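Data first, discussion second: the structure below is written as structure tokens.
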Amino acid sequence: MIEETSKIPQATSKRLPLYYRFLQNFASANKKRISSGELSEAMKIDAATIRRDFSHFGALGRKGYGYDVQYLLRFFREALDQDKETDVALIGVGSLGSAFVKYNFHKNHNTRIVMAFDPAATIEGVEKSGIPIYHPSQITQKMEEEGIEVAILTVPASEAQKITDELVEMGIKGILNFTPVRLTAPESVRIHTIDLSVELQALIYFIKNDLKNSQIE
């Protein structure tokens with residue numbers, strides 16, 4: 001795993017899984033080497049951005065040659081720690097949570113939901129799509145037993161901070177937050193918030209703004 005990743009810009013870090021995914025596609029197509037232009041065309045990311053991202057990791061390619069696909073695959077596999085499996089807990093099995101249970105990161109073989117929690121579950125637990133679902137009163141016990149350090153939060157907004165506090169207390173390292181609440185946690189806990197309604201509103205705004213600009217031109 002690459003050291004001193006804190007020096008890598010956050011925007012670059014977020015693109016690393018995308019680079020790895022598209023490199024896998026190139027490798028599957030028996031592509032031996034690629035240029036930043038080819039990667040740009042496939043990913044719809046500016047080639048200059050790709051070169052700048054890669055420059056943070058040293059000399060990944062050679063001028064006039066481009067990038068060796070297998071070398072980049074090995075590099076990003078190590079950077080993303082792809083050889084290590086990560087078990088994840090899902091908290092909240094409503095409509096969105098149920099979709100996660102069904103999907104369970106089938107295209108990402110090193111990440112999987114191994115347990116879930118929902119108020120509708122009994123103390124004994126139930127099973128859905130092969131995943132045990134327990135009552136929230138067992139979050140600390142079950143997650144500590146399995147050493148789980150990452151959780152997905154798809155609970156009602158009114159419960160989000162309370163559950164976050166419990167997760168922090170039991171030593172959580174990261175939370176993928178799908179609630180509209182801006183959660184409070186120590187700096188040692190990484191929280192990524194995905195507010196679907198905000199993202200949709202932003203998309204509509206940009207569509208309308210693009211339309212206005214095109215009419216002005």
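Residues in the structure tokens are named by chain (A, B, ... in the order shown) and by number from 1 within that chain; ligands are numbered from 1 in the order shown.
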Run DSSP on the backbone of this structure and report the residues of range 71-208 of chain A it assigns to helix (DSSP H, G or I), as a PDB file with N, CA and C atoms, in the first residue's frame.
```pdb
ATOM      1  N   TYR A  71       1.634  -3.012 -15.610  1.00  0.00           N
ATOM      2  CA  TYR A  71       2.358  -2.316 -14.541  1.00  0.00           C
ATOM      3  C   TYR A  71       1.396  -1.419 -13.752  1.00  0.00           C
ATOM      4  N   LEU A  72       0.564  -0.654 -14.485  1.00  0.00           N
ATOM      5  CA  LEU A  72      -0.392   0.221 -13.804  1.00  0.00           C
ATOM      6  C   LEU A  72      -1.388  -0.579 -12.972  1.00  0.00           C
ATOM      7  N   LEU A  73      -1.822  -1.723 -13.499  1.00  0.00           N
ATOM      8  CA  LEU A  73      -2.746  -2.570 -12.742  1.00  0.00           C
ATOM      9  C   LEU A  73      -2.127  -3.001 -11.415  1.00  0.00           C
ATOM     10  N   ARG A  74      -0.875  -3.457 -11.485  1.00  0.00           N
ATOM     11  CA  ARG A  74      -0.201  -3.887 -10.251  1.00  0.00           C
ATOM     12  C   ARG A  74      -0.039  -2.711  -9.297  1.00  0.00           C
ATOM     13  N   PHE A  75       0.310  -1.550  -9.855  1.00  0.00           N
ATOM     14  CA  PHE A  75       0.527  -0.370  -9.030  1.00  0.00           C
ATOM     15  C   PHE A  75      -0.747   0.040  -8.298  1.00  0.00           C
ATOM     16  N   PHE A  76      -1.864   0.151  -9.031  1.00  0.00           N
ATOM     17  CA  PHE A  76      -3.108   0.591  -8.410  1.00  0.00           C
ATOM     18  C   PHE A  76      -3.724  -0.499  -7.536  1.00  0.00           C
ATOM     19  N   ARG A  77      -3.461  -1.756  -7.855  1.00  0.00           N
ATOM     20  CA  ARG A  77      -3.923  -2.838  -6.987  1.00  0.00           C
ATOM     21  C   ARG A  77      -3.284  -2.698  -5.610  1.00  0.00           C
ATOM     22  N   GLU A  78      -1.971  -2.395  -5.600  1.00  0.00           N
ATOM     23  CA  GLU A  78      -1.280  -2.206  -4.325  1.00  0.00           C
ATOM     24  C   GLU A  78      -1.752  -0.934  -3.638  1.00  0.00           C
ATOM     25  N   ALA A  79      -1.918   0.147  -4.424  1.00  0.00           N
ATOM     26  CA  ALA A  79      -2.347   1.429  -3.851  1.00  0.00           C
ATOM     27  C   ALA A  79      -3.706   1.311  -3.181  1.00  0.00           C
ATOM     28  N   SER A  95     -35.501   0.598   1.865  1.00  0.00           N
ATOM     29  CA  SER A  95     -35.473   0.441   0.405  1.00  0.00           C
ATOM     30  C   SER A  95     -34.051   0.489  -0.137  1.00  0.00           C
ATOM     31  N   LEU A  96     -33.285   1.515   0.256  1.00  0.00           N
ATOM     32  CA  LEU A  96     -31.914   1.644  -0.228  1.00  0.00           C
ATOM     33  C   LEU A  96     -31.031   0.547   0.351  1.00  0.00           C
ATOM     34  N   GLY A  97     -31.179   0.298   1.634  1.00  0.00           N
ATOM     35  CA  GLY A  97     -30.385  -0.749   2.265  1.00  0.00           C
ATOM     36  C   GLY A  97     -30.625  -2.112   1.636  1.00  0.00           C
ATOM     37  N   SER A  98     -31.879  -2.407   1.290  1.00  0.00           N
ATOM     38  CA  SER A  98     -32.207  -3.688   0.653  1.00  0.00           C
ATOM     39  C   SER A  98     -31.516  -3.826  -0.696  1.00  0.00           C
ATOM     40  N   ALA A  99     -31.389  -2.704  -1.409  1.00  0.00           N
ATOM     41  CA  ALA A  99     -30.694  -2.723  -2.699  1.00  0.00           C
ATOM     42  C   ALA A  99     -29.213  -3.056  -2.495  1.00  0.00           C
ATOM     43  N   PHE A 100     -28.625  -2.520  -1.433  1.00  0.00           N
ATOM     44  CA  PHE A 100     -27.231  -2.837  -1.122  1.00  0.00           C
ATOM     45  C   PHE A 100     -27.076  -4.319  -0.777  1.00  0.00           C
ATOM     46  N   VAL A 101     -28.014  -4.836  -0.006  1.00  0.00           N
ATOM     47  CA  VAL A 101     -27.965  -6.255   0.369  1.00  0.00           C
ATOM     48  C   VAL A 101     -28.006  -7.133  -0.872  1.00  0.00           C
ATOM     49  N   LYS A 102     -28.864  -6.785  -1.817  1.00  0.00           N
ATOM     50  CA  LYS A 102     -28.997  -7.578  -3.037  1.00  0.00           C
ATOM     51  C   LYS A 102     -27.764  -7.461  -3.921  1.00  0.00           C
ATOM     52  N   TYR A 103     -27.222  -6.250  -4.028  1.00  0.00           N
ATOM     53  CA  TYR A 103     -26.055  -6.000  -4.888  1.00  0.00           C
ATOM     54  C   TYR A 103     -24.760  -6.516  -4.263  1.00  0.00           C
ATOM     55  N   PRO A 136     -30.490  -3.573  15.868  1.00  0.00           N
ATOM     56  CA  PRO A 136     -29.458  -2.559  16.146  1.00  0.00           C
ATOM     57  C   PRO A 136     -28.861  -2.622  17.549  1.00  0.00           C
ATOM     58  N   SER A 137     -29.576  -3.225  18.475  1.00  0.00           N
ATOM     59  CA  SER A 137     -29.040  -3.341  19.839  1.00  0.00           C
ATOM     60  C   SER A 137     -27.781  -4.209  19.879  1.00  0.00           C
ATOM     61  N   GLN A 138     -27.504  -4.917  18.796  1.00  0.00           N
ATOM     62  CA  GLN A 138     -26.350  -5.817  18.753  1.00  0.00           C
ATOM     63  C   GLN A 138     -25.196  -5.266  17.903  1.00  0.00           C
ATOM     64  N   ILE A 139     -25.299  -4.006  17.491  1.00  0.00           N
ATOM     65  CA  ILE A 139     -24.270  -3.434  16.615  1.00  0.00           C
ATOM     66  C   ILE A 139     -22.871  -3.580  17.202  1.00  0.00           C
ATOM     67  N   THR A 140     -22.677  -3.093  18.423  1.00  0.00           N
ATOM     68  CA  THR A 140     -21.341  -3.119  19.029  1.00  0.00           C
ATOM     69  C   THR A 140     -20.825  -4.545  19.180  1.00  0.00           C
ATOM     70  N   GLN A 141     -21.649  -5.428  19.703  1.00  0.00           N
ATOM     71  CA  GLN A 141     -21.223  -6.802  19.936  1.00  0.00           C
ATOM     72  C   GLN A 141     -20.824  -7.502  18.643  1.00  0.00           C
ATOM     73  N   LYS A 142     -21.705  -7.455  17.647  1.00  0.00           N
ATOM     74  CA  LYS A 142     -21.469  -8.189  16.407  1.00  0.00           C
ATOM     75  C   LYS A 142     -20.297  -7.616  15.602  1.00  0.00           C
ATOM     76  N   MET A 143     -20.211  -6.279  15.545  1.00  0.00           N
ATOM     77  CA  MET A 143     -19.151  -5.668  14.749  1.00  0.00           C
ATOM     78  C   MET A 143     -17.789  -5.855  15.401  1.00  0.00           C
ATOM     79  N   GLU A 144     -17.744  -5.805  16.723  1.00  0.00           N
ATOM     80  CA  GLU A 144     -16.472  -6.037  17.413  1.00  0.00           C
ATOM     81  C   GLU A 144     -16.040  -7.495  17.285  1.00  0.00           C
ATOM     82  N   GLU A 145     -17.010  -8.406  17.290  1.00  0.00           N
ATOM     83  CA  GLU A 145     -16.676  -9.831  17.137  1.00  0.00           C
ATOM     84  C   GLU A 145     -16.006 -10.094  15.792  1.00  0.00           C
ATOM     85  N   GLU A 146     -16.463  -9.413  14.761  1.00  0.00           N
ATOM     86  CA  GLU A 146     -15.941  -9.633  13.403  1.00  0.00           C
ATOM     87  C   GLU A 146     -14.833  -8.641  13.032  1.00  0.00           C
ATOM     88  N   ALA A 157     -32.889   9.986   9.143  1.00  0.00           N
ATOM     89  CA  ALA A 157     -32.053  11.108   9.569  1.00  0.00           C
ATOM     90  C   ALA A 157     -32.038  11.272  11.081  1.00  0.00           C
ATOM     91  N   SER A 158     -33.182  11.020  11.720  1.00  0.00           N
ATOM     92  CA  SER A 158     -33.292  11.209  13.170  1.00  0.00           C
ATOM     93  C   SER A 158     -32.407  10.251  13.963  1.00  0.00           C
ATOM     94  N   GLU A 159     -31.996   9.140  13.338  1.00  0.00           N
ATOM     95  CA  GLU A 159     -31.188   8.137  14.033  1.00  0.00           C
ATOM     96  C   GLU A 159     -29.709   8.209  13.671  1.00  0.00           C
ATOM     97  N   ALA A 160     -29.383   8.993  12.641  1.00  0.00           N
ATOM     98  CA  ALA A 160     -28.037   8.960  12.069  1.00  0.00           C
ATOM     99  C   ALA A 160     -26.929   9.310  13.063  1.00  0.00           C
ATOM    100  N   GLN A 161     -27.047  10.433  13.756  1.00  0.00           N
ATOM    101  CA  GLN A 161     -25.973  10.856  14.662  1.00  0.00           C
ATOM    102  C   GLN A 161     -25.852   9.913  15.862  1.00  0.00           C
ATOM    103  N   LYS A 162     -26.990   9.467  16.372  1.00  0.00           N
ATOM    104  CA  LYS A 162     -26.961   8.550  17.509  1.00  0.00           C
ATOM    105  C   LYS A 162     -26.199   7.275  17.163  1.00  0.00           C
ATOM    106  N   ILE A 163     -26.481   6.720  15.987  1.00  0.00           N
ATOM    107  CA  ILE A 163     -25.799   5.493  15.568  1.00  0.00           C
ATOM    108  C   ILE A 163     -24.327   5.770  15.288  1.00  0.00           C
ATOM    109  N   THR A 164     -24.047   6.940  14.715  1.00  0.00           N
ATOM    110  CA  THR A 164     -22.655   7.313  14.461  1.00  0.00           C
ATOM    111  C   THR A 164     -21.869   7.366  15.759  1.00  0.00           C
ATOM    112  N   ASP A 165     -22.457   7.954  16.794  1.00  0.00           N
ATOM    113  CA  ASP A 165     -21.789   8.027  18.101  1.00  0.00           C
ATOM    114  C   ASP A 165     -21.472   6.627  18.628  1.00  0.00           C
ATOM    115  N   GLU A 166     -22.405   5.700  18.421  1.00  0.00           N
ATOM    116  CA  GLU A 166     -22.188   4.324  18.869  1.00  0.00           C
ATOM    117  C   GLU A 166     -21.061   3.673  18.075  1.00  0.00           C
ATOM    118  N   LEU A 167     -21.040   3.932  16.768  1.00  0.00           N
ATOM    119  CA  LEU A 167     -19.989   3.373  15.922  1.00  0.00           C
ATOM    120  C   LEU A 167     -18.624   3.930  16.310  1.00  0.00           C
ATOM    121  N   VAL A 168     -18.567   5.217  16.595  1.00  0.00           N
ATOM    122  CA  VAL A 168     -17.313   5.846  17.020  1.00  0.00           C
ATOM    123  C   VAL A 168     -16.827   5.214  18.311  1.00  0.00           C
ATOM    124  N   GLU A 169     -17.748   4.988  19.221  1.00  0.00           N
ATOM    125  CA  GLU A 169     -17.409   4.410  20.521  1.00  0.00           C
ATOM    126  C   GLU A 169     -16.794   3.020  20.367  1.00  0.00           C
ATOM    127  N   LEU A 196     -28.315  11.829  -2.062  1.00  0.00           N
ATOM    128  CA  LEU A 196     -28.872  11.619  -3.397  1.00  0.00           C
ATOM    129  C   LEU A 196     -29.748  12.784  -3.846  1.00  0.00           C
ATOM    130  N   SER A 197     -30.514  13.383  -2.920  1.00  0.00           N
ATOM    131  CA  SER A 197     -31.398  14.490  -3.301  1.00  0.00           C
ATOM    132  C   SER A 197     -30.573  15.708  -3.704  1.00  0.00           C
ATOM    133  N   VAL A 198     -29.474  15.966  -2.986  1.00  0.00           N
ATOM    134  CA  VAL A 198     -28.607  17.097  -3.324  1.00  0.00           C
ATOM    135  C   VAL A 198     -27.942  16.868  -4.683  1.00  0.00           C
ATOM    136  N   GLU A 199     -27.479  15.649  -4.923  1.00  0.00           N
ATOM    137  CA  GLU A 199     -26.846  15.339  -6.200  1.00  0.00           C
ATOM    138  C   GLU A 199     -27.834  15.517  -7.359  1.00  0.00           C
ATOM    139  N   LEU A 200     -29.084  15.113  -7.138  1.00  0.00           N
ATOM    140  CA  LEU A 200     -30.107  15.268  -8.180  1.00  0.00           C
ATOM    141  C   LEU A 200     -30.393  16.745  -8.428  1.00  0.00           C
ATOM    142  N   GLN A 201     -30.508  17.515  -7.350  1.00  0.00           N
ATOM    143  CA  GLN A 201     -30.754  18.948  -7.499  1.00  0.00           C
ATOM    144  C   GLN A 201     -29.602  19.632  -8.231  1.00  0.00           C
ATOM    145  N   ALA A 202     -28.375  19.229  -7.919  1.00  0.00           N
ATOM    146  CA  ALA A 202     -27.206  19.796  -8.596  1.00  0.00           C
ATOM    147  C   ALA A 202     -27.227  19.451 -10.080  1.00  0.00           C
ATOM    148  N   LEU A 203     -27.598  18.216 -10.392  1.00  0.00           N
ATOM    149  CA  LEU A 203     -27.681  17.799 -11.795  1.00  0.00           C
ATOM    150  C   LEU A 203     -28.699  18.642 -12.549  1.00  0.00           C
ATOM    151  N   ILE A 204     -29.886  18.838 -11.959  1.00  0.00           N
ATOM    152  CA  ILE A 204     -30.936  19.638 -12.598  1.00  0.00           C
ATOM    153  C   ILE A 204     -30.477  21.077 -12.786  1.00  0.00           C
ATOM    154  N   TYR A 205     -29.776  21.615 -11.776  1.00  0.00           N
ATOM    155  CA  TYR A 205     -29.262  22.985 -11.874  1.00  0.00           C
ATOM    156  C   TYR A 205     -28.303  23.120 -13.055  1.00  0.00           C
ATOM    157  N   PHE A 206     -27.368  22.175 -13.163  1.00  0.00           N
ATOM    158  CA  PHE A 206     -26.379  22.257 -14.241  1.00  0.00           C
ATOM    159  C   PHE A 206     -27.040  22.094 -15.611  1.00  0.00           C
ATOM    160  N   ILE A 207     -28.056  21.231 -15.701  1.00  0.00           N
ATOM    161  CA  ILE A 207     -28.773  21.056 -16.971  1.00  0.00           C
ATOM    162  C   ILE A 207     -29.434  22.368 -17.377  1.00  0.00           C
ATOM    163  N   LYS A 208     -30.117  23.002 -16.427  1.00  0.00           N
ATOM    164  CA  LYS A 208     -30.797  24.270 -16.715  1.00  0.00           C
ATOM    165  C   LYS A 208     -29.794  25.368 -17.045  1.00  0.00           C
TER     166      LYS A 208
END
```
- request: May I have all residues of range 89-162 of chain A that DSSP, computed from the backbone, assigns to strand (DSSP E or B), given as a ChimeraX atom specification?
  value: /A:89-91,111-117,126-128,131-134,150-153
task: Write out as a count of residues only which residues come within 8 Å of range 24-26 of chain A when counting only C-alpha atoms, dropping same-chain ones fewer than 4 positions away.
output: 5
task: May I ask for the distance between CA of Leu39 in chain A and CA of Asp81 in chain A, given in Å to one decimal place?
output: 22.0 Å
message: Using only C-alpha atoms, can you tell me which of A:Ile194, A:Ala151, A:Leu16, A:Leu23 comes closest to Thr111 in chain A?
response: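 Checking each of A:Ile194, A:Ala151, A:Leu16, A:Leu23 against Thr111 in chain A, counting only C-alpha atoms, the winner is A:Ala151.
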- prompt: Can you tell me, as a count of residues only, what residues are no more than 8 Å from Ser36 in chain A when counting only C-alpha atoms, ignoring any on the same chain fewer than 4 positions away?
  reply: 7
Proximity to Arg21 in chain A - best of A:Leu60, A:Ile175, A:Leu80, A:Ile34, only C-alpha atoms: A:Leu80
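For Ser55 in chain A, the non-local neighbours within 12 Å, defined as residues at least 6 positions apart in the same chain or in other chains and counting only C-alpha atoms, are Ile8, Pro9, Thr12, Ser36, Ala48, Thr49, Gly61 and Arg62 of chain A.
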Generate a file of the selected residues that holds N, CA and C atoms, formatted as a PDB file, in the first residue's frame.
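out_4.pdb, freshly written:
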```
ATOM      1  N   ILE A   8      -1.566  13.116  -1.217  1.00  0.00           N
ATOM      2  CA  ILE A   8      -2.260  13.030  -2.499  1.00  0.00           C
ATOM      3  C   ILE A   8      -3.559  13.821  -2.413  1.00  0.00           C
ATOM      4  N   PRO A   9      -3.848  14.722  -3.379  1.00  0.00           N
ATOM      5  CA  PRO A   9      -5.105  15.490  -3.341  1.00  0.00           C
ATOM      6  C   PRO A   9      -6.318  14.577  -3.242  1.00  0.00           C
ATOM      7  N   THR A  12      -7.850  13.454  -6.520  1.00  0.00           N
ATOM      8  CA  THR A  12      -7.061  12.399  -7.160  1.00  0.00           C
ATOM      9  C   THR A  12      -7.340  11.057  -6.498  1.00  0.00           C
ATOM     10  N   SER A  36      -2.298   8.485 -22.282  1.00  0.00           N
ATOM     11  CA  SER A  36      -3.228   9.239 -21.452  1.00  0.00           C
ATOM     12  C   SER A  36      -4.447   9.644 -22.270  1.00  0.00           C
ATOM     13  N   ALA A  48      -4.967  15.855 -19.392  1.00  0.00           N
ATOM     14  CA  ALA A  48      -4.061  16.607 -18.519  1.00  0.00           C
ATOM     15  C   ALA A  48      -4.312  16.265 -17.053  1.00  0.00           C
ATOM     16  N   THR A  49      -5.574  16.058 -16.705  1.00  0.00           N
ATOM     17  CA  THR A  49      -5.921  15.669 -15.335  1.00  0.00           C
ATOM     18  C   THR A  49      -5.343  14.298 -15.007  1.00  0.00           C
ATOM     19  N   GLY A  61       4.827   6.225 -16.381  1.00  0.00           N
ATOM     20  CA  GLY A  61       4.887   5.962 -17.815  1.00  0.00           C
ATOM     21  C   GLY A  61       6.185   6.490 -18.404  1.00  0.00           C
ATOM     22  N   ARG A  62       6.350   6.306 -19.740  1.00  0.00           N
ATOM     23  CA  ARG A  62       7.535   6.788 -20.431  1.00  0.00           C
ATOM     24  C   ARG A  62       7.118   7.632 -21.630  1.00  0.00           C
TER      25      ARG A  62
END
```
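Restricting the calculation to only C-alpha atoms, the smallest distance between Val88 in chain A and any of A:Phe117, A:Phe54, A:Tyr19, A:Tyr65 is found for A:Phe117.
The closest residue to Gly94 in chain A, picked from A:His135, A:Pro156, A:Ala42, A:Gly130 and counting only C-alpha atoms, is A:Pro156.
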query: What separation in Å, quoted to one decimal, exists between CA of Phe105 in chain A and CA of Pro17 in chain A?
result: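 We find that CA of Phe105 in chain A and CA of Pro17 in chain A lie 13.4 Å from each other.
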- request: Enter the distance from CA of Asn177 in chain A to CA of Thr86 in chain A, in Å, rounded to one decimal.
  value: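 These two atoms are separated by 17.3 Å.
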